[in-house]
Amino acid sequence: MCGIVGYLGGTKDPKEVIINGLKKLEYRGYDSAGVAIWNGKNFQRIRAAGKLKELEKQTTDLSFQGVVGIGHTRWATHGAPSERNAHPHQSGDITLVHNGIIENYLEIKEFLKSQEVYPSSDTDSELVAHLIRLQLQKTPHFLQAVREVRPLLKGAFALLVVCDRFPDEMIALKEGPPLVVGLGTNENFVASDVQALLSHTQRFVFLEDQEMAHLKGTHIDFYNSEGQKQTPVVQTLNWSPDLVEKQGFPHFMLKEIHEQPRAVAAAIEPHIHLETLSVKLKNVNFSHQTPRLHSTDKTDQTTEELFHDIERVFIVACGTSFYAAQVAKYYIEQIAKLPVETDIASEFRYRHPVVPPKSLFLVISQSGETADTLAALRLAKQLGATTMSLCNVKNSSIDREAHGHLYMNSGPEIGVASTKAFVSSLAVLNLFALALAKAKGVLSQSQEQEHVQALLSAPSQMEVVLAYDKYFNEAAHRLKLFKGFLFMGRGVSYPIAMEGALKLKELAYLHAEGYASGEMKHGPLALIDERIVVVMIAPQDEVYEKSISNLEEARARGGKVWLLTNGEASPFKTTTEAFLHLPKAHWAITPLLSVVPLQLLAYHLACALDHDVDQPRNLAKSVTVE
Ligand code: M6R
């Protein structure tokens with residue numbers, strides 16, 4: 001979950017390239033940061049505990065004579081966040097940065113002890129630097145030494161290694177966490193994510209697991225898992241560097257909340273035929289390895305044929321993406337009449353799951369790199385399922401490994417708290433449910449048209465709800481005095497209640513719970529008193545009356561109730577603490593609307609409490625370790 005940047009080549013100042021790149025990767029971890037840059041004699045290392053700005057303070061007055069360097073921003077796994085444990089790590093003339101976990105670090109430590117090598121940090125990463133240095137005593141070739149160390153490492157790792165003896169070389173290797181090589185003119189780059197490099201190049205080579213890149217001067221050799229040279233697949237992205245800037249907003253999160261109407265429009269656009277108001281999922285591109293489900297001898301099944309044969313859907317994800325999965329369960333069961341199981345990826349992968357034949361297994365991941373979700377996907381493939389991914393980051397590991405593909409199309413999401421990727425996921429999951437229903441023959445044309453029309457209206461309805469920004473800006477100072485928050489909802493609003501609670505926990509560090517309203521009497525009612533805010537999400541749907549009864553029960557016990565509804569205002573304007581009106585919408589669209597005020601509530605509360613919104617404590621955007 002750390003961020004890595006490397007620069008080798010041209011005329012740019014490596015310090016600028018690396019530190020600016022790390023700024024774009026700070027979402028991956030911000031416990032400490034460091035750089036090592038060639039200064040004419042060796043790779044000079046500067047490290048600092050805390051956020052990147054601490055490192056910047058230390059490097060402001062430094063200049064370097066070389067054009068090669070590596071840098072790192074850390075999310076601590078082995079060893080507390082401190083300067084001593086900050087990357088880069090060094091052993092003699094070897095310097096490296098690492099993202100991931102070396103699982104057999106105890107074994108390696110024992111081996112190093114037998115060689116009388118004693119690490120100076122508590123990290124697993126430093127051990128790799130020692131192994132490479134020892135190996136370089138046996139072979140004069142830098143690349144060879146790194147290659148020979150690699151089989152000694154177990155776990156997940158992306159490494160960038162430099163050596164004082166070979167100052168115009170850099171070796172990148174990937175076994176798990178992402179690593180991308182950016183191709184420039186007479187200069188090249190390496191990073192954990194393209195966002196770090198967009199201001200320098202649009203041409204990228206995404207390394208696959210077990211691949212290596214050997215950068216030497218302005219030349220790069222790419223090696224496959226067998227160690228043979230290979231021609232790289234160069235991908236050109238047309239992402240503008242502006243996409244990863246705040247564009248006048250105080251935080252990325254607020255910018256991303258306001259981008260949501262546009263994100264939803266971009267998510268649905270490829271799959272909707274506007275004249276007929278019909279749905280056809282585009283570019284799902286099931287690969288040839290997809291298990292065949294259709295009873296005919298056809299080798300190439302269309303998406304529709306494949307969907308027709310599906311008998312059960314599994315949806316697996318983590319965090320906010322898991323709540324999107326839970327909303328999708330309501331969509332698919334009600335619209336496509338197919339049974340759906342949802343699971344948290346870290347549970348699915350270890351619970352010896354049963355995945356019957358003719359199951360469609362969908363994983364949802366904004367980053368496409370979440371370690372547990374990726375492992376769940378691999379397990380589902382082993383169990384013979386037909387798999388699909390719904391990712392935001394194209395070419396991410398999950399996107400590459402799934403049989404079929406859907407995209408959120410939200411553009412880069414930088415804030416650690418996921419917002420626009422969530423609503424884009426919900427929009428695509430609406431279409432996924434409709435496409436399944438069509439393939440199953442359980443959707444009439446009028447139902448399809450009505451639903452598509454409702455989805456097309458969602459972006460403008462979201463614009464209306466964004467007006468609550470000002471309201472929560474003011475209300476936050478009142479709300480921050482409460483002891484805790486209870487979010488309640490039924491049906492599709494139940495996962496939204498949990499998402500609201502998650503946002504508040506991760507940003508405001510306040511106690512918050514998301515509950516199915518019907519469960520209140522089974523325990524949570526005991527929590528309610530005048531110091532608890534009850535946020536009731538109750539759109540006018542088939543369970544509306546029941547939700548309102550739950551609201552009255554909470555009120556009767558002294559709870560301060562905030563009601564979010566598109567129902568009648570008059571009965572509640574005076575009886576609730578706050579009445580937040582939502583636009584009238586199709587039941588499946590209401591989650592896209594009701595989640596927005598909850599995001600704004602968490603955002604403004606965190607600001608009122610003076611928390612770092614874009615970088616909440618202890619968290620990272622991409623959870624690439626389990
Ligand atoms: O990249 P992913 O969607 O796989 O990430 C899953 C979770 O780590 C993520 O949604 C996390 O819960 C967010 N910080 C929530 O705002």
# chains A, B, ... in the order shown; residues from 1 in each chain; ligands from 1
>>> select_by_dssp(residues="stretch 305-367 of chain A", states="strand (DSSP E or B)", output="VMD selection string")
chain A and resid 312 to 317 340 to 344 359 to 365
>>> residues_around(residues="A:Glu305", least_positions_apart="3", cutoff="8 Å", atoms="only C-alpha atoms", output="ChimeraX atom specification")
/A:294,301-302,308-309,439
>>> write_last_selection(atoms="N, CA, C and O atoms", output="PDB file, in the first residue's frame")
ATOM      1  N   HIS A 294     -22.913 -22.173 -22.258  1.00  0.00           N
ATOM      2  CA  HIS A 294     -23.991 -22.404 -23.211  1.00  0.00           C
ATOM      3  C   HIS A 294     -23.985 -23.849 -23.673  1.00  0.00           C
ATOM      4  O   HIS A 294     -22.925 -24.440 -23.850  1.00  0.00           O
ATOM      5  N   GLN A 301     -19.285 -17.341 -26.976  1.00  0.00           N
ATOM      6  CA  GLN A 301     -20.608 -16.961 -26.507  1.00  0.00           C
ATOM      7  C   GLN A 301     -20.700 -15.452 -26.429  1.00  0.00           C
ATOM      8  O   GLN A 301     -19.743 -14.788 -26.025  1.00  0.00           O
ATOM      9  N   THR A 302     -21.835 -14.916 -26.775  1.00  0.00           N
ATOM     10  CA  THR A 302     -22.019 -13.486 -26.559  1.00  0.00           C
ATOM     11  C   THR A 302     -22.299 -13.277 -25.069  1.00  0.00           C
ATOM     12  O   THR A 302     -22.654 -14.224 -24.358  1.00  0.00           O
ATOM     13  N   HIS A 308     -27.666 -15.574 -20.159  1.00  0.00           N
ATOM     14  CA  HIS A 308     -28.877 -16.385 -20.217  1.00  0.00           C
ATOM     15  C   HIS A 308     -28.714 -17.672 -19.408  1.00  0.00           C
ATOM     16  O   HIS A 308     -29.645 -18.163 -18.774  1.00  0.00           O
ATOM     17  N   ASP A 309     -27.517 -18.207 -19.414  1.00  0.00           N
ATOM     18  CA  ASP A 309     -27.289 -19.497 -18.753  1.00  0.00           C
ATOM     19  C   ASP A 309     -26.944 -19.384 -17.264  1.00  0.00           C
ATOM     20  O   ASP A 309     -26.816 -20.387 -16.578  1.00  0.00           O
ATOM     21  N   ALA A 439     -31.490 -10.815 -20.644  1.00  0.00           N
ATOM     22  CA  ALA A 439     -30.993 -12.112 -21.122  1.00  0.00           C
ATOM     23  C   ALA A 439     -31.837 -13.255 -20.577  1.00  0.00           C
ATOM     24  O   ALA A 439     -32.009 -14.286 -21.224  1.00  0.00           O
TER      25      ALA A 439
END
>>> residues_near_ligand(ligand="ligand 1", cutoff="6 Å", atoms="only C-alpha atoms and all ligand atoms", output="VMD selection string")
chain A and resid 318 to 321 365 to 368 370 416 to 418 503 621 to 623
>>> write_last_selection(atoms="C-alpha atoms", output="mmCIF file, in the first residue's frame")
data_model
loop_
_atom_site.group_PDB
_atom_site.id
_atom_site.type_symbol
_atom_site.label_atom_id
_atom_site.label_comp_id
_atom_site.auth_asym_id
_atom_site.auth_seq_id
_atom_site.Cartn_x
_atom_site.Cartn_y
_atom_site.Cartn_z
ATOM 1 C CA CYS A 318 -14.243 -4.755 0.313
ATOM 2 C CA GLY A 319 -15.295 -1.566 2.101
ATOM 3 C CA THR A 320 -17.399 0.847 0.100
ATOM 4 C CA SER A 321 -17.262 -1.433 -2.934
ATOM 5 C CA SER A 365 -12.943 -2.649 -6.881
ATOM 6 C CA GLN A 366 -12.253 1.008 -7.563
ATOM 7 C CA SER A 367 -8.489 0.517 -7.545
ATOM 8 C CA GLY A 368 -8.544 -2.958 -9.060
ATOM 9 C CA THR A 370 -7.260 -4.673 -3.435
ATOM 10 C CA VAL A 416 -9.029 7.979 0.411
ATOM 11 C CA ALA A 417 -12.763 7.999 1.127
ATOM 12 C CA SER A 418 -14.475 6.592 -1.930
ATOM 13 C CA LYS A 503 -17.681 7.486 5.756
ATOM 14 C CA LYS A 621 -6.458 4.267 -0.752
ATOM 15 C CA SER A 622 -5.224 1.029 -2.301
ATOM 16 C CA VAL A 623 -5.124 -1.873 0.121
#
>>> closest_residue(among="A:Ala345, A:Val423, A:Val181, A:Leu207", to="A:Ala380", atoms="only C-alpha atoms")
A:Ala345
>>> closest_residue(among="A:Ile19, A:Leu456, A:Met462, A:Leu582", to="A:Ala266", atoms="only C-alpha atoms")
A:Leu456
>>> closest_atom_pairs(of="stretch 502-553 of chain A", to="stretch 489-492 of chain A", cutoff="9 Å", atoms="only C-alpha atoms", output="CSV")
residue,atom,partner,partner_atom,distance
A:Gly514,CA,A:Gly489,CA,8.1
A:Tyr515,CA,A:Gly489,CA,6.7
A:Ala516,CA,A:Gly489,CA,5.3
A:Ser517,CA,A:Gly489,CA,5.2
A:Gly518,CA,A:Arg490,CA,7.2
A:Val535,CA,A:Gly489,CA,8.7
A:Met536,CA,A:Gly489,CA,6.1
A:Ile537,CA,A:Gly489,CA,5.0
A:Ala538,CA,A:Gly489,CA,6.3
A:Val543,CA,A:Arg490,CA,7.0
A:Tyr544,CA,A:Arg490,CA,8.5
A:Lys546,CA,A:Arg490,CA,8.7
A:Ser547,CA,A:Arg490,CA,7.0
>>> select_by_dssp(residues="stretch 390-518 of chain A", states="helix (DSSP H, G or I)", output="number ranges by chain")
A: 397-401, 420-440, 445-465, 468-479, 493-508, 517-518
>>> residues_around(residues="A:Lys560", least_positions_apart="6", cutoff="10 Å", atoms="only C-alpha atoms", output="list in words")
Phe482, Phe485, Ile528, Asp529, Glu530, Arg531, Ile532, Val533, Val534, Val535, Leu551, Ala554, Thr575, Thr576, Glu577 and Ala578 of chain A
>>> residues_around(residues="A:Glu245", least_positions_apart="6", cutoff="10 Å", atoms="only C-alpha atoms", output="JSON, numbers by chain")
{"A": [24, 251, 252, 255, 412, 414]}
>>> residues_around(residues="stretch 79-95 of chain A", least_positions_apart="2", cutoff="10 Å", atoms="only C-alpha atoms", output="MDAnalysis selection string")
chainID A and resid 2 4 30:37 42:50 69:77 97:99 117 119:134 136 142 160:166
>>> residues_around(residues="A:Pro356", least_positions_apart="3", cutoff="12 Å", atoms="only C-alpha atoms", output="list in words")
Ile310, Glu311, Arg312, Val313, Phe314, Glu341, Pro353, Ser359, Leu360, Phe361, Ala380, Leu383, Gly384, Ala385 and Thr386 of chain A
>>> closest_residue(among="A:Asn473, A:Gln453, A:Thr59, A:Ser460", to="A:His273", atoms="only C-alpha atoms")
A:Gln453
>>> closest_residue(among="A:Thr419, A:Ser549, A:Gln447, A:Gln65", to="A:Pro167", atoms="only C-alpha atoms")
A:Gln65
>>> residues_around(residues="A:Leu274", least_positions_apart="4", cutoff="12 Å", atoms="only C-alpha atoms", output="list in words")
Ile268, Glu269, Pro270, Ser278, Val279, Lys280, Gln449, Val452, Gln453, Leu455 and Leu456 of chain A
>>> write_last_selection(atoms="all heavy atoms", output="mmCIF file, in the first residue's frame")
data_model
loop_
_atom_site.group_PDB
_atom_site.id
_atom_site.type_symbol
_atom_site.label_atom_id
_atom_site.label_comp_id
_atom_site.auth_asym_id
_atom_site.auth_seq_id
_atom_site.Cartn_x
_atom_site.Cartn_y
_atom_site.Cartn_z
ATOM 1 N N ILE A 268 -22.725 5.444 -17.382
ATOM 2 C CA ILE A 268 -23.831 4.764 -18.084
ATOM 3 C C ILE A 268 -23.778 4.955 -19.603
ATOM 4 O O ILE A 268 -24.292 4.129 -20.357
ATOM 5 C CB ILE A 268 -25.211 5.200 -17.533
ATOM 6 C CG1 ILE A 268 -25.416 6.718 -17.672
ATOM 7 C CG2 ILE A 268 -25.355 4.785 -16.080
ATOM 8 C CD1 ILE A 268 -26.798 7.203 -17.182
ATOM 9 N N GLU A 269 -23.137 6.044 -20.010
ATOM 10 C CA GLU A 269 -23.174 6.441 -21.424
ATOM 11 C C GLU A 269 -22.856 5.299 -22.418
ATOM 12 O O GLU A 269 -23.616 5.106 -23.379
ATOM 13 C CB GLU A 269 -22.232 7.649 -21.597
ATOM 14 C CG GLU A 269 -22.325 8.379 -22.908
ATOM 15 C CD GLU A 269 -21.365 7.825 -23.954
ATOM 16 O OE1 GLU A 269 -20.297 7.304 -23.571
ATOM 17 O OE2 GLU A 269 -21.717 7.892 -25.124
ATOM 18 N N PRO A 270 -21.781 4.516 -22.201
ATOM 19 C CA PRO A 270 -21.461 3.522 -23.239
ATOM 20 C C PRO A 270 -22.521 2.434 -23.406
ATOM 21 O O PRO A 270 -22.584 1.775 -24.442
ATOM 22 C CB PRO A 270 -20.153 2.876 -22.722
ATOM 23 C CG PRO A 270 -19.677 3.715 -21.583
ATOM 24 C CD PRO A 270 -20.841 4.495 -21.087
ATOM 25 N N SER A 278 -32.787 1.659 -24.393
ATOM 26 C CA SER A 278 -32.495 0.258 -24.080
ATOM 27 C C SER A 278 -31.038 0.098 -23.650
ATOM 28 O O SER A 278 -30.210 0.981 -23.876
ATOM 29 C CB SER A 278 -32.795 -0.616 -25.309
ATOM 30 O OG SER A 278 -31.956 -0.205 -26.362
ATOM 31 N N VAL A 279 -30.777 -1.060 -23.051
ATOM 32 C CA VAL A 279 -29.461 -1.328 -22.467
ATOM 33 C C VAL A 279 -28.757 -2.431 -23.228
ATOM 34 O O VAL A 279 -29.359 -3.466 -23.541
ATOM 35 C CB VAL A 279 -29.635 -1.838 -21.007
ATOM 36 C CG1 VAL A 279 -28.291 -2.201 -20.391
ATOM 37 C CG2 VAL A 279 -30.354 -0.819 -20.174
ATOM 38 N N LYS A 280 -27.476 -2.213 -23.520
ATOM 39 C CA LYS A 280 -26.642 -3.308 -24.034
ATOM 40 C C LYS A 280 -25.250 -3.058 -23.466
ATOM 41 O O LYS A 280 -24.637 -2.021 -23.753
ATOM 42 C CB LYS A 280 -26.622 -3.275 -25.559
ATOM 43 C CG LYS A 280 -25.890 -4.448 -26.165
ATOM 44 C CD LYS A 280 -26.086 -4.426 -27.690
ATOM 45 C CE LYS A 280 -25.153 -5.347 -28.439
ATOM 46 N NZ LYS A 280 -25.233 -6.754 -28.080
ATOM 47 N N GLN A 449 -37.445 0.661 -20.408
ATOM 48 C CA GLN A 449 -37.430 2.090 -20.788
ATOM 49 C C GLN A 449 -37.623 2.988 -19.570
ATOM 50 O O GLN A 449 -36.950 3.998 -19.420
ATOM 51 C CB GLN A 449 -38.510 2.358 -21.834
ATOM 52 C CG GLN A 449 -38.128 1.774 -23.181
ATOM 53 C CD GLN A 449 -39.205 1.944 -24.226
ATOM 54 O OE1 GLN A 449 -40.391 2.031 -23.870
ATOM 55 N NE2 GLN A 449 -38.818 1.971 -25.483
ATOM 56 N N VAL A 452 -34.318 2.945 -17.583
ATOM 57 C CA VAL A 452 -33.243 3.685 -18.256
ATOM 58 C C VAL A 452 -33.505 5.185 -18.163
ATOM 59 O O VAL A 452 -32.601 5.979 -17.889
ATOM 60 C CB VAL A 452 -33.106 3.219 -19.729
ATOM 61 C CG1 VAL A 452 -32.198 4.150 -20.512
ATOM 62 C CG2 VAL A 452 -32.566 1.793 -19.787
ATOM 63 N N GLN A 453 -34.768 5.569 -18.358
ATOM 64 C CA GLN A 453 -35.119 6.993 -18.259
ATOM 65 C C GLN A 453 -34.785 7.528 -16.860
ATOM 66 O O GLN A 453 -34.234 8.613 -16.701
ATOM 67 C CB GLN A 453 -36.621 7.160 -18.565
ATOM 68 C CG GLN A 453 -37.072 8.595 -18.638
ATOM 69 C CD GLN A 453 -36.334 9.385 -19.726
ATOM 70 O OE1 GLN A 453 -36.470 9.090 -20.905
ATOM 71 N NE2 GLN A 453 -35.531 10.348 -19.321
ATOM 72 N N LEU A 455 -32.571 6.381 -14.833
ATOM 73 C CA LEU A 455 -31.110 6.439 -14.670
ATOM 74 C C LEU A 455 -30.538 7.671 -15.374
ATOM 75 O O LEU A 455 -29.623 8.329 -14.862
ATOM 76 C CB LEU A 455 -30.513 5.151 -15.263
ATOM 77 C CG LEU A 455 -29.145 4.694 -14.812
ATOM 78 C CD1 LEU A 455 -28.990 4.724 -13.310
ATOM 79 C CD2 LEU A 455 -28.897 3.269 -15.327
ATOM 80 N N LEU A 456 -31.114 7.990 -16.536
ATOM 81 C CA LEU A 456 -30.642 9.176 -17.266
ATOM 82 C C LEU A 456 -30.940 10.464 -16.495
ATOM 83 O O LEU A 456 -30.243 11.462 -16.649
ATOM 84 C CB LEU A 456 -31.307 9.234 -18.657
ATOM 85 C CG LEU A 456 -30.804 8.209 -19.667
ATOM 86 C CD1 LEU A 456 -31.723 8.149 -20.889
ATOM 87 C CD2 LEU A 456 -29.371 8.516 -20.106
#
